[in-house]
file structure32.pdb (PDB, C-alpha atoms)
MODEL        1
ATOM      1  CA  MET A   1       0.762  28.013  -9.426
ATOM      2  CA  ALA A   2       0.798  27.037 -13.111
ATOM      3  CA  ASP A   3      -2.371  25.352 -14.317
ATOM      4  CA  LEU A   4      -0.842  21.997 -15.220
ATOM      5  CA  LYS A   5      -3.946  20.417 -16.672
ATOM      6  CA  SER A   6      -4.307  23.115 -19.285
ATOM      7  CA  GLN A   7      -0.795  22.507 -20.621
ATOM      8  CA  THR A   8       0.170  19.792 -23.079
ATOM      9  CA  PRO A   9       1.676  16.926 -21.118
ATOM     10  CA  THR A  10       5.134  15.701 -22.068
ATOM     11  CA  GLN A  11       4.000  12.126 -21.500
ATOM     12  CA  THR A  12       0.799  10.328 -20.605
ATOM     13  CA  LEU A  13       1.002   7.283 -18.361
ATOM     14  CA  ASP A  14      -2.065   5.062 -18.509
ATOM     15  CA  VAL A  15      -2.425   2.925 -15.390
ATOM     16  CA  LEU A  16      -6.176   2.379 -15.731
ATOM     17  CA  GLY A  17      -7.018  -1.066 -14.386
ATOM     18  CA  ARG A  18      -3.703  -1.284 -12.535
ATOM     19  CA  VAL A  19      -3.643  -1.238  -8.780
ATOM     20  CA  CYS A  20      -0.979  -0.739  -6.136
ATOM     21  CA  PRO A  21       1.953  -0.877  -6.308
ATOM     22  CA  TYR A  22       2.012  -0.129 -10.024
ATOM     23  CA  PRO A  23       0.500   3.370 -10.286
ATOM     24  CA  LEU A  24       3.180   4.812  -8.021
ATOM     25  CA  VAL A  25       6.071   2.600  -9.097
ATOM     26  CA  LEU A  26       5.426   3.267 -12.800
ATOM     27  CA  THR A  27       4.964   6.970 -12.109
ATOM     28  CA  LYS A  28       8.332   7.103 -10.405
ATOM     29  CA  LYS A  29       9.949   5.350 -13.364
ATOM     30  CA  ALA A  30       8.317   7.730 -15.835
ATOM     31  CA  LEU A  31       9.350  10.791 -13.845
ATOM     32  CA  GLU A  32      12.965   9.591 -13.730
ATOM     33  CA  LYS A  33      13.069   9.753 -17.511
ATOM     34  CA  LEU A  34      11.077  12.962 -17.884
ATOM     35  CA  PRO A  35      13.086  16.082 -18.700
ATOM     36  CA  SER A  36      13.143  18.883 -16.174
ATOM     37  CA  GLY A  37       9.990  20.992 -16.500
ATOM     38  CA  GLY A  38       8.109  18.153 -18.150
ATOM     39  CA  ILE A  39       4.549  17.309 -17.204
ATOM     40  CA  LEU A  40       3.434  13.743 -16.658
ATOM     41  CA  LYS A  41      -0.279  13.066 -17.072
ATOM     42  CA  ILE A  42      -1.448   9.932 -15.277
ATOM     43  CA  LEU A  43      -4.737   8.155 -15.964
ATOM     44  CA  CYS A  44      -5.667   6.171 -12.864
ATOM     45  CA  ASP A  45      -8.796   4.512 -11.483
ATOM     46  CA  ALA A  46      -7.446   3.200  -8.172
ATOM     47  CA  PRO A  47      -8.658   5.497  -5.397
ATOM     48  CA  ALA A  48      -5.847   4.733  -2.929
ATOM     49  CA  SER A  49      -3.294   5.621  -5.582
ATOM     50  CA  ALA A  50      -5.049   8.648  -7.069
ATOM     51  CA  GLU A  51      -6.195  10.201  -3.817
ATOM     52  CA  ASP A  52      -3.447   9.125  -1.461
ATOM     53  CA  SER A  53      -0.143   7.643  -2.534
ATOM     54  CA  LEU A  54       0.446   9.617  -5.752
ATOM     55  CA  PRO A  55      -0.314  13.039  -4.231
ATOM     56  CA  ARG A  56       1.665  12.084  -1.146
ATOM     57  CA  PHE A  57       4.643  11.165  -3.313
ATOM     58  CA  ALA A  58       4.511  14.376  -5.346
ATOM     59  CA  GLU A  59       4.113  16.574  -2.289
ATOM     60  CA  GLY A  60       6.982  14.788  -0.539
ATOM     61  CA  LYS A  61       9.212  15.546  -3.503
ATOM     62  CA  GLY A  62       7.957  19.107  -3.874
ATOM     63  CA  TYR A  63       6.587  18.371  -7.362
ATOM     64  CA  PRO A  64       3.546  20.438  -8.365
ATOM     65  CA  ILE A  65       0.517  18.172  -8.744
ATOM     66  CA  GLU A  66      -3.070  18.607  -9.815
ATOM     67  CA  VAL A  67      -5.707  15.921  -9.393
ATOM     68  CA  VAL A  68      -8.866  15.946 -11.523
ATOM     69  CA  LYS A  69     -11.689  13.630 -10.513
ATOM     70  CA  LEU A  70     -13.685  12.215 -13.401
ATOM     71  CA  ALA A  71     -16.731   9.966 -13.205
ATOM     72  CA  GLU A  72     -14.940   6.653 -12.600
ATOM     73  CA  SER A  73     -11.283   7.654 -12.676
ATOM     74  CA  TRP A  74      -8.764  10.418 -12.109
ATOM     75  CA  GLU A  75      -6.345  12.430 -14.201
ATOM     76  CA  LEU A  76      -3.241  13.513 -12.331
ATOM     77  CA  TYR A  77      -0.739  16.031 -13.598
ATOM     78  CA  ILE A  78       2.736  16.076 -12.058
ATOM     79  CA  GLN A  79       5.447  18.484 -13.111
ATOM     80  CA  LYS A  80       9.087  17.597 -12.662
ATOM     81  CA  PRO A  81      10.945  20.727 -11.531
TER      82      PRO A  81
ATOM     83  CA  MET B   1       8.081  -2.255  24.480
ATOM     84  CA  GLY B   2       8.204  -3.302  20.872
ATOM     85  CA  LYS B   3       6.314  -3.122  17.648
ATOM     86  CA  LEU B   4       4.831  -6.102  15.832
ATOM     87  CA  THR B   5       3.695  -5.859  12.241
ATOM     88  CA  ILE B   6       1.327  -8.568  11.068
ATOM     89  CA  GLY B   7       0.390  -9.022   7.435
ATOM     90  CA  CYS B   8      -2.490 -11.448   7.027
ATOM     91  CA  PHE B   9      -3.850 -12.790   3.757
ATOM     92  CA  SER B  10      -6.238 -15.494   4.949
ATOM     93  CA  SER B  11     -10.017 -15.450   4.651
ATOM     94  CA  LEU B  12     -12.465 -14.407   7.337
ATOM     95  CA  VAL B  13     -14.366 -17.374   8.846
ATOM     96  CA  GLY B  14     -13.046 -19.768   6.236
ATOM     97  CA  SER B  15      -9.534 -19.848   7.622
ATOM     98  CA  LEU B  16      -8.617 -19.849  11.288
ATOM     99  CA  SER B  17      -5.240 -18.383  10.330
ATOM    100  CA  LEU B  18      -6.987 -15.016  10.474
ATOM    101  CA  ASP B  19      -8.283 -15.742  13.973
ATOM    102  CA  PHE B  20      -4.819 -16.861  15.019
ATOM    103  CA  SER B  21      -3.260 -13.653  13.769
ATOM    104  CA  VAL B  22      -5.814 -11.524  15.635
ATOM    105  CA  LYS B  23      -5.175 -13.544  18.821
ATOM    106  CA  LEU B  24      -1.492 -12.906  18.359
ATOM    107  CA  ALA B  25      -2.201  -9.203  18.034
ATOM    108  CA  GLU B  26      -4.270  -9.324  21.224
ATOM    109  CA  ALA B  27      -1.474 -11.085  23.104
ATOM    110  CA  ALA B  28       1.076  -8.557  21.921
ATOM    111  CA  VAL B  29      -1.070  -5.555  22.839
ATOM    112  CA  LYS B  30      -1.804  -7.090  26.245
ATOM    113  CA  LYS B  31       1.948  -7.261  26.853
ATOM    114  CA  GLY B  32       2.223  -3.564  26.037
ATOM    115  CA  HIS B  33       3.511  -3.786  22.479
ATOM    116  CA  THR B  34       2.055  -1.849  19.551
ATOM    117  CA  VAL B  35       0.688  -3.747  16.591
ATOM    118  CA  ASP B  36       0.225  -2.727  12.979
ATOM    119  CA  TYR B  37      -2.138  -5.128  11.238
ATOM    120  CA  TRP B  38      -2.274  -5.288   7.454
ATOM    121  CA  MET B  39      -5.103  -7.089   5.663
ATOM    122  CA  SER B  40      -4.507  -8.094   2.082
ATOM    123  CA  GLY B  41      -6.029 -10.623  -0.268
ATOM    124  CA  ASN B  42      -8.897 -12.530   1.325
ATOM    125  CA  ALA B  43      -8.179 -11.021   4.735
ATOM    126  CA  THR B  44      -9.739  -7.777   3.516
ATOM    127  CA  MET B  45     -13.055  -9.452   4.309
ATOM    128  CA  LEU B  46     -12.304  -8.567   7.925
ATOM    129  CA  SER B  47     -12.530  -4.880   7.045
ATOM    130  CA  LYS B  48     -16.189  -5.153   6.089
ATOM    131  CA  LYS B  49     -18.780  -3.723   8.436
ATOM    132  CA  GLY B  50     -21.971  -5.537   9.289
ATOM    133  CA  GLN B  51     -20.408  -8.856  10.291
ATOM    134  CA  LYS B  52     -22.844 -10.980  12.277
ATOM    135  CA  ALA B  53     -21.964 -13.053  15.336
ATOM    136  CA  PHE B  54     -22.876 -16.726  15.233
ATOM    137  CA  LYS B  55     -21.736 -19.395  17.661
ATOM    138  CA  ASP B  56     -20.370 -21.648  14.937
ATOM    139  CA  TYR B  57     -18.335 -18.982  13.220
ATOM    140  CA  SER B  58     -15.537 -16.615  14.108
ATOM    141  CA  TYR B  59     -16.643 -13.126  14.998
ATOM    142  CA  LEU B  60     -13.520 -11.021  14.720
ATOM    143  CA  ALA B  61     -15.188  -7.640  14.249
ATOM    144  CA  LYS B  62     -15.613  -7.357  18.018
ATOM    145  CA  SER B  63     -11.964  -8.299  18.644
ATOM    146  CA  VAL B  64     -10.873  -5.659  16.156
ATOM    147  CA  GLN B  65     -12.953  -2.939  17.800
ATOM    148  CA  GLU B  66     -11.616  -3.875  21.218
ATOM    149  CA  LEU B  67      -8.066  -3.768  19.914
ATOM    150  CA  LEU B  68      -8.646  -0.360  18.339
ATOM    151  CA  ALA B  69      -9.937   0.935  21.661
ATOM    152  CA  THR B  70      -6.575   0.148  23.295
ATOM    153  CA  GLY B  71      -4.862   2.799  21.198
ATOM    154  CA  LYS B  72      -1.984   0.414  20.534
ATOM    155  CA  PHE B  73      -3.373  -1.158  17.411
ATOM    156  CA  GLN B  74      -3.734   0.050  13.845
ATOM    157  CA  ILE B  75      -5.478  -1.963  11.163
ATOM    158  CA  THR B  76      -5.359  -1.260   7.460
ATOM    159  CA  ALA B  77      -6.914  -3.000   4.483
ATOM    160  CA  CYS B  78      -5.329  -3.177   1.064
ATOM    161  CA  GLU B  79      -7.584  -0.931  -0.936
ATOM    162  CA  ALA B  80      -7.037  -2.812  -4.199
ATOM    163  CA  CYS B  81      -7.672  -6.256  -2.714
ATOM    164  CA  ALA B  82     -10.793  -4.985  -0.989
ATOM    165  CA  ALA B  83     -12.127  -3.208  -4.063
ATOM    166  CA  ALA B  84     -11.539  -6.295  -6.208
ATOM    167  CA  ARG B  85     -13.861  -8.116  -3.800
ATOM    168  CA  GLY B  86     -16.488  -5.412  -3.882
ATOM    169  CA  TYR B  87     -15.638  -3.738  -0.571
ATOM    170  CA  HIS B  88     -15.300   0.005  -0.867
ATOM    171  CA  LYS B  89     -14.753   2.830   1.585
ATOM    172  CA  GLU B  90     -18.420   2.985   2.507
ATOM    173  CA  ASP B  91     -18.368  -0.735   3.428
ATOM    174  CA  THR B  92     -15.416  -0.413   5.796
ATOM    175  CA  MET B  93     -15.716  -0.908   9.551
ATOM    176  CA  GLU B  94     -15.105   2.165  11.652
ATOM    177  CA  GLY B  95     -11.492   2.604  12.656
ATOM    178  CA  VAL B  96     -10.146   0.492   9.795
ATOM    179  CA  LYS B  97      -7.961   2.353   7.347
ATOM    180  CA  SER B  98      -7.545   1.691   3.652
ATOM    181  CA  HIS B  99      -4.243   2.191   1.869
ATOM    182  CA  SER B 100      -2.028   0.825  -0.865
ATOM    183  CA  MET B 101       0.585  -1.854  -0.163
ATOM    184  CA  ASP B 102       3.367   0.577   0.625
ATOM    185  CA  TRP B 103       1.710   1.148   4.001
ATOM    186  CA  TYR B 104       2.570  -2.398   5.033
ATOM    187  CA  LEU B 105       6.130  -2.216   3.763
ATOM    188  CA  ALA B 106       6.640   1.089   5.567
ATOM    189  CA  SER B 107       5.265  -0.455   8.746
ATOM    190  CA  THR B 108       7.958  -3.141   8.597
ATOM    191  CA  PHE B 109      10.615  -0.435   8.717
ATOM    192  CA  GLU B 110       9.980   0.303  12.389
ATOM    193  CA  ALA B 111       8.832  -3.174  13.386
ATOM    194  CA  ASP B 112      10.781  -5.352  15.765
ATOM    195  CA  ARG B 113       9.084  -8.418  14.284
ATOM    196  CA  VAL B 114       7.123  -8.977  11.111
ATOM    197  CA  LEU B 115       4.744 -11.902  10.667
ATOM    198  CA  HIS B 116       3.453 -12.492   7.171
ATOM    199  CA  ILE B 117       0.606 -14.973   7.505
ATOM    200  CA  GLY B 118      -1.270 -16.121   4.709
ATOM    201  CA  GLY B 119      -2.979 -17.273   1.715
ATOM    202  CA  ASP B 120      -6.345 -19.059   1.627
TER     203      ASP B 120
ATOM    204  CA  MET C   1      19.030   7.264   7.132
ATOM    205  CA  ALA C   2      18.600   3.517   7.259
ATOM    206  CA  THR C   3      17.628   0.636   5.019
ATOM    207  CA  LYS C   4      15.620  -2.321   6.232
ATOM    208  CA  LYS C   5      15.855  -5.509   4.188
ATOM    209  CA  LEU C   6      12.999  -7.900   3.633
ATOM    210  CA  LEU C   7      13.096 -11.286   1.931
ATOM    211  CA  PHE C   8       9.854 -12.701   0.555
ATOM    212  CA  VAL C   9      10.237 -16.486   0.577
ATOM    213  CA  VAL C  10       7.684 -17.867  -1.851
ATOM    214  CA  ARG C  11       6.640 -21.471  -1.397
ATOM    215  CA  ALA C  12       3.096 -21.259  -2.738
ATOM    216  CA  LEU C  13       2.077 -22.610  -6.108
ATOM    217  CA  PRO C  14       1.067 -20.082  -8.755
ATOM    218  CA  TYR C  15      -2.670 -19.473  -9.273
ATOM    219  CA  LYS C  16      -3.921 -21.981  -6.697
ATOM    220  CA  THR C  17      -3.982 -19.077  -4.276
ATOM    221  CA  GLU C  18      -3.007 -15.461  -4.671
ATOM    222  CA  ALA C  19      -0.125 -15.805  -2.197
ATOM    223  CA  SER C  20       2.708 -15.760  -4.720
ATOM    224  CA  ARG C  21       1.190 -12.935  -6.761
ATOM    225  CA  LEU C  22       0.745 -10.836  -3.639
ATOM    226  CA  ALA C  23       4.285 -11.675  -2.519
ATOM    227  CA  LEU C  24       5.622 -10.190  -5.748
ATOM    228  CA  THR C  25       3.428  -7.107  -5.679
ATOM    229  CA  HIS C  26       4.241  -6.457  -2.046
ATOM    230  CA  ALA C  27       7.938  -6.861  -2.786
ATOM    231  CA  ILE C  28       7.586  -4.381  -5.657
ATOM    232  CA  SER C  29       5.856  -1.906  -3.365
ATOM    233  CA  SER C  30       9.060  -1.723  -1.316
ATOM    234  CA  GLN C  31      10.148   0.628  -4.112
ATOM    235  CA  SER C  32       7.585   3.225  -3.104
ATOM    236  CA  VAL C  33       7.580   3.205   0.703
ATOM    237  CA  GLU C  34       9.314   6.554   0.889
ATOM    238  CA  ILE C  35       5.906   8.222   0.957
ATOM    239  CA  TYR C  36       5.535   6.971   4.525
ATOM    240  CA  LEU C  37       9.131   7.134   5.764
ATOM    241  CA  LYS C  38      11.578   9.879   6.683
ATOM    242  CA  ASP C  39      13.933  11.170   3.998
ATOM    243  CA  GLY C  40      16.560   8.629   3.083
ATOM    244  CA  ASP C  41      14.965   5.718   4.957
ATOM    245  CA  LEU C  42      14.292   2.778   2.669
ATOM    246  CA  VAL C  43      12.912  -0.729   2.608
ATOM    247  CA  GLU C  44      14.732  -3.080   0.243
ATOM    248  CA  GLY C  45      12.821  -6.143  -0.895
ATOM    249  CA  SER C  46      14.131  -9.336  -2.463
ATOM    250  CA  VAL C  47      12.408 -12.562  -3.462
ATOM    251  CA  ALA C  48      13.367 -16.230  -3.198
ATOM    252  CA  PHE C  49      11.341 -19.056  -4.723
ATOM    253  CA  ILE C  50      11.619 -22.423  -3.013
ATOM    254  CA  GLY C  51       9.670 -25.665  -2.945
ATOM    255  CA  ASP C  52       6.485 -25.517  -5.028
ATOM    256  CA  GLY C  53       7.131 -21.795  -5.364
ATOM    257  CA  VAL C  54       9.674 -22.366  -8.151
ATOM    258  CA  MET C  55       6.695 -23.041 -10.453
ATOM    259  CA  ASN C  56       5.922 -19.318 -10.369
ATOM    260  CA  CYS C  57       9.047 -18.778 -12.449
ATOM    261  CA  LEU C  58       7.965 -20.815 -15.469
ATOM    262  CA  LYS C  59       7.649 -18.791 -18.623
ATOM    263  CA  ASN C  60       4.805 -18.768 -21.168
ATOM    264  CA  GLN C  61       2.088 -18.754 -18.565
ATOM    265  CA  GLN C  62      -1.370 -18.492 -20.135
ATOM    266  CA  ALA C  63      -3.388 -16.972 -17.298
ATOM    267  CA  MET C  64      -5.007 -14.306 -19.467
ATOM    268  CA  LYS C  65      -6.137 -16.834 -22.038
ATOM    269  CA  HIS C  66      -7.613 -19.296 -19.541
ATOM    270  CA  TYR C  67      -8.643 -17.129 -16.585
ATOM    271  CA  GLY C  68      -8.804 -13.592 -17.915
ATOM    272  CA  ILE C  69      -6.246 -12.366 -15.399
ATOM    273  CA  THR C  70      -2.698 -11.114 -15.785
ATOM    274  CA  SER C  71      -0.028 -13.738 -15.399
ATOM    275  CA  ILE C  72       2.491 -13.874 -12.603
ATOM    276  CA  GLU C  73       5.181 -13.496 -15.261
ATOM    277  CA  GLY C  74       4.320  -9.814 -15.524
ATOM    278  CA  HIS C  75       5.001  -9.266 -11.832
ATOM    279  CA  MET C  76       8.211 -11.300 -12.077
ATOM    280  CA  LYS C  77       9.385  -9.085 -14.919
ATOM    281  CA  ASN C  78       8.597  -5.972 -12.955
ATOM    282  CA  THR C  79      10.690  -7.134 -10.013
ATOM    283  CA  LEU C  80      13.617  -7.578 -12.420
ATOM    284  CA  LEU C  81      12.901  -4.254 -14.132
ATOM    285  CA  LEU C  82      13.194  -2.621 -10.730
ATOM    286  CA  ASP C  83      16.557  -4.355 -10.151
ATOM    287  CA  MET C  84      15.319  -6.463  -7.285
ATOM    288  CA  LYS C  85      17.174  -9.638  -6.367
ATOM    289  CA  VAL C  86      15.227 -12.724  -7.414
ATOM    290  CA  MET C  87      16.579 -16.161  -6.476
ATOM    291  CA  VAL C  88      15.251 -19.553  -7.541
ATOM    292  CA  CYS C  89      16.244 -22.694  -5.667
ATOM    293  CA  LYS C  90      18.296 -25.041  -7.833
ATOM    294  CA  GLU C  91      17.582 -28.149  -5.801
ATOM    295  CA  ASP C  92      13.821 -27.637  -6.066
ATOM    296  CA  LEU C  93      14.048 -27.040  -9.809
ATOM    297  CA  ASP C  94      16.009 -30.279 -10.130
ATOM    298  CA  LYS C  95      13.407 -32.080  -8.016
ATOM    299  CA  PHE C  96      10.709 -31.078 -10.514
ATOM    300  CA  GLY C  97      12.964 -31.676 -13.524
ATOM    301  CA  ILE C  98      12.738 -28.024 -14.547
ATOM    302  CA  LYS C  99      15.609 -26.689 -16.618
ATOM    303  CA  GLU C 100      16.743 -23.079 -16.580
ATOM    304  CA  ASP C 101      15.612 -22.513 -20.162
ATOM    305  CA  ALA C 102      11.992 -23.111 -19.034
ATOM    306  CA  LEU C 103      12.213 -20.195 -16.616
ATOM    307  CA  LEU C 104      11.631 -16.488 -16.896
ATOM    308  CA  MET C 105      15.093 -15.149 -16.136
ATOM    309  CA  ASP C 106      15.080 -11.607 -17.446
ATOM    310  CA  ALA C 107      12.955  -8.609 -18.320
ATOM    311  CA  GLU C 108      14.971  -7.415 -21.310
ATOM    312  CA  ASP C 109      11.866  -6.977 -23.419
ATOM    313  CA  ILE C 110      10.663  -4.228 -21.062
ATOM    314  CA  GLY C 111      14.066  -2.642 -20.516
ATOM    315  CA  GLY C 112      15.177  -4.612 -17.472
ATOM    316  CA  GLU C 113      18.874  -5.165 -16.861
ATOM    317  CA  THR C 114      18.764  -7.532 -13.907
ATOM    318  CA  ASN C 115      18.426 -11.289 -14.228
ATOM    319  CA  ALA C 116      16.908 -13.821 -11.875
ATOM    320  CA  GLN C 117      19.445 -16.229 -10.387
ATOM    321  CA  VAL C 118      19.214 -19.983 -10.027
ATOM    322  CA  VAL C 119      21.141 -20.647  -6.840
ATOM    323  CA  PRO C 120      21.723 -23.498  -4.400
ATOM    324  CA  TYR C 121      19.497 -23.426  -1.330
ATOM    325  CA  SER C 122      22.549 -22.553   0.753
ATOM    326  CA  GLU C 123      22.638 -19.149  -0.973
ATOM    327  CA  ILE C 124      18.994 -18.571  -0.146
ATOM    328  CA  GLN C 125      19.733 -19.560   3.437
ATOM    329  CA  LYS C 126      22.516 -16.960   3.542
ATOM    330  CA  GLU C 127      20.132 -14.333   2.197
ATOM    331  CA  MET C 128      17.597 -15.296   4.869
ATOM    332  CA  GLU C 129      20.224 -14.792   7.525
ATOM    333  CA  SER C 130      21.267 -11.427   6.148
ATOM    334  CA  VAL C 131      17.893  -9.658   6.047
ATOM    335  CA  ASP C 132      15.969  -7.903   8.801
ATOM    336  CA  HIS C 133      12.649  -9.669   8.203
ATOM    337  CA  LEU C 134      11.498 -12.856   6.491
ATOM    338  CA  LEU C 135       8.053 -13.031   4.951
ATOM    339  CA  PHE C 136       6.959 -16.576   4.081
ATOM    340  CA  CYS C 137       4.360 -16.715   1.363
TER     341      CYS C 137
ENDMDL
END

call {"tool": "encode", "arguments": {"input": "structure32.pdb", "output": "structure tokens"}}
result
Amino acid sequence: MADLKSQTPTQTLDVLGRVCPYPLVLTKKALEKLPSGGILKILCDAPASAEDSLPRFAEGKGYPIEVVKLAESWELYIQKP
Amino acid sequence: MGKLTIGCFSSLVGSLSLDFSVKLAEAAVKKGHTVDYWMSGNATMLSKKGQKAFKDYSYLAKSVQELLATGKFQITACEACAAARGYHKEDTMEGVKSHSMDWYLASTFEADRVLHIGGD
Amino acid sequence: MATKKLLFVVRALPYKTEASRLALTHAISSQSVEIYLKDGDLVEGSVAFIGDGVMNCLKNQQAMKHYGITSIEGHMKNTLLLDMKVMVCKEDLDKFGIKEDALLMDAEDIGGETNAQVVPYSEIQKEMESVDHLLFC
């Protein structure tokens, strides 16, 4: 599997300080507009979104995802096939 | 038998709406229905472990544990609402889940009835 | 594949409690329920403001300035951005003397194409009768 976090993201979506439903809803919107093959980097500090709903969404769609845990937040990398 | 989804937003102890909604859940489970119970806003207080029983105040933690033991009851706290109030995973009562709001909306999909109770 | 329809009927005043804010955010989360449902199954949310609830629709709210929290306007705009149906009761607006130009009706500034609708209560009643579940907030 390609190492998504080491590649330059096509777009960065900052949802720090935002809680459900926005991390997932805004991610979906961003992915709709992303070109095929593009990588969306998401900055998120809501555990339920970063550890549950966002990975669940990506896996349901078959989108490669990597989740990096930082001190107080997460970086998620989702690639649109 | 049917499925009831309850979304409650009222505070623990401070509002008897929360007690009412738990009683409703008990009645439904007793009749053989399954109940999904969503706590959002102030109702996330109910997810907190370490609640103490006093005669003058509601003690719903026991009711929740008894409901969970029936196997017909699921209870989930809104993670964001809980975290905003300082309740995190390590503060959560055993058996209580923590998810984002989509859990509640998804629960309504299969529900025969939805009761959205709340505020204050 | 099925779609279940929910109508959030908002009667609560803005800011006095969090009920109306949570109604909007829960309605918005209907856009992301697929993570829990089978392929193709959906939940479609819509929002109606009645009674005191019509106050949530006023524009130029200053919540950030006075309380340090985001305003309800932001959530309203996001419902419109996501093409959700938002209805505001005409009779209740008239009761409070609120004109349509005092209301947040669109989300054009963030790319939204759907407008809120000021409608007679009878239209809201019809919507209530057409959905699978009513959630009173």

call {"tool": "residues_around", "arguments": {"input": "structure32.pdb", "residues": "Lys59 (chain C)", "least_positions_apart": "5", "cutoff": "8 Å", "atoms": "only C-alpha atoms", "output": "ChimeraX atom specification"}}
result
/C:73,102-104

call {"tool": "resolve_selection", "arguments": {"input": "structure32.pdb", "expression": "the PyMOL selection byres ((chain B) within 12 of (chain C))", "output": "PyMOL selection string"}}
result
chain B and resi 4-11+38-43+78+80-81+99-120

call {"tool": "interface_residues", "arguments": {"input": "structure32.pdb", "of": "chain A", "to": "chain C", "cutoff": "8 Å", "atoms": "only C-alpha atoms", "output": "PyMOL selection string"}}
result
chain A and resi 20-22+24-25+53+56-57+60

call {"tool": "closest_residue", "arguments": {"input": "structure32.pdb", "among": "A:Arg18, A:Lys61, A:Lys80, A:Lys29", "to": "chain B", "atoms": "all atoms listed in the file"}}
result
A:Arg18

call {"tool": "resolve_selection", "arguments": {"input": "structure32.pdb", "expression": "the PyMOL selection byres ((chain C and resi 58) around 12)", "output": "VMD selection string"}}
result
chain C and resid 13 to 14 49 52 to 57 59 to 62 71 to 74 76 to 77 88 93 96 98 to 106 116

call {"tool": "atom_distance", "arguments": {"input": "structure32.pdb", "atom1": "CA of Ser36 (chain A)", "atom2": "CA of Leu76 (chain A)"}}
result
17.7 Å

call {"tool": "closest_residue", "arguments": {"input": "structure32.pdb", "among": "B:Met93, B:Leu12, B:Leu68, B:Ala83", "to": "chain A", "atoms": "all atoms listed in the file"}}
result
B:Ala83

call {"tool": "resolve_selection", "arguments": {"input": "structure32.pdb", "expression": "the PyMOL selection byres ((chain B and resi 47) around 7)", "output": "PDB file with C-alpha atoms, in the coordinates of the input"}}
result
ATOM      1  CA  THR B  44      -9.739  -7.777   3.516  1.00  0.00           C
ATOM      2  CA  MET B  45     -13.055  -9.452   4.309  1.00  0.00           C
ATOM      3  CA  LEU B  46     -12.304  -8.567   7.925  1.00  0.00           C
ATOM      4  CA  LYS B  48     -16.189  -5.153   6.089  1.00  0.00           C
ATOM      5  CA  LYS B  49     -18.780  -3.723   8.436  1.00  0.00           C
ATOM      6  CA  ALA B  77      -6.914  -3.000   4.483  1.00  0.00           C
ATOM      7  CA  THR B  92     -15.416  -0.413   5.796  1.00  0.00           C
ATOM      8  CA  MET B  93     -15.716  -0.908   9.551  1.00  0.00           C
ATOM      9  CA  VAL B  96     -10.146   0.492   9.795  1.00  0.00           C
TER      10      VAL B  96
END

call {"tool": "atom_distance", "arguments": {"input": "structure32.pdb", "atom1": "CA of Glu127 (chain C)", "atom2": "CA of Val47 (chain C)"}}
result
9.7 Å

call {"tool": "closest_residue", "arguments": {"input": "structure32.pdb", "among": "A:Glu66, A:Asp14, A:Asp52, A:Glu32", "to": "chain B", "atoms": "all atoms listed in the file"}}
result
A:Asp52

call {"tool": "residues_around", "arguments": {"input": "structure32.pdb", "residues": "Tyr59 (chain B)", "least_positions_apart": "2", "cutoff": "12 Å", "atoms": "only C-alpha atoms", "output": "CSV table (one decimal) with C-alpha atoms, in the coordinates of the input"}}
result
chain,number,residue,atom,x,y,z
B,12,LEU,CA,-12.5,-14.4,7.3
B,13,VAL,CA,-14.4,-17.4,8.8
B,14,GLY,CA,-13.0,-19.8,6.2
B,16,LEU,CA,-8.6,-19.8,11.3
B,18,LEU,CA,-7.0,-15.0,10.5
B,19,ASP,CA,-8.3,-15.7,14.0
B,22,VAL,CA,-5.8,-11.5,15.6
B,45,MET,CA,-13.1,-9.5,4.3
B,46,LEU,CA,-12.3,-8.6,7.9
B,48,LYS,CA,-16.2,-5.2,6.1
B,49,LYS,CA,-18.8,-3.7,8.4
B,50,GLY,CA,-22.0,-5.5,9.3
B,51,GLN,CA,-20.4,-8.9,10.3
B,52,LYS,CA,-22.8,-11.0,12.3
B,53,ALA,CA,-22.0,-13.1,15.3
B,54,PHE,CA,-22.9,-16.7,15.2
B,55,LYS,CA,-21.7,-19.4,17.7
B,56,ASP,CA,-20.4,-21.6,14.9
B,57,TYR,CA,-18.3,-19.0,13.2
B,61,ALA,CA,-15.2,-7.6,14.2
B,62,LYS,CA,-15.6,-7.4,18.0
B,63,SER,CA,-12.0,-8.3,18.6
B,64,VAL,CA,-10.9,-5.7,16.2
B,65,GLN,CA,-13.0,-2.9,17.8

call {"tool": "atom_distance", "arguments": {"input": "structure32.pdb", "atom1": "CA of Lys85 (chain C)", "atom2": "CA of Glu108 (chain C)"}}
result
15.3 Å

call {"tool": "closest_residue", "arguments": {"input": "structure32.pdb", "among": "B:Phe20, B:Glu94, B:Tyr87, B:Glu79", "to": "chain A", "atoms": "only C-alpha atoms"}}
result
B:Glu79
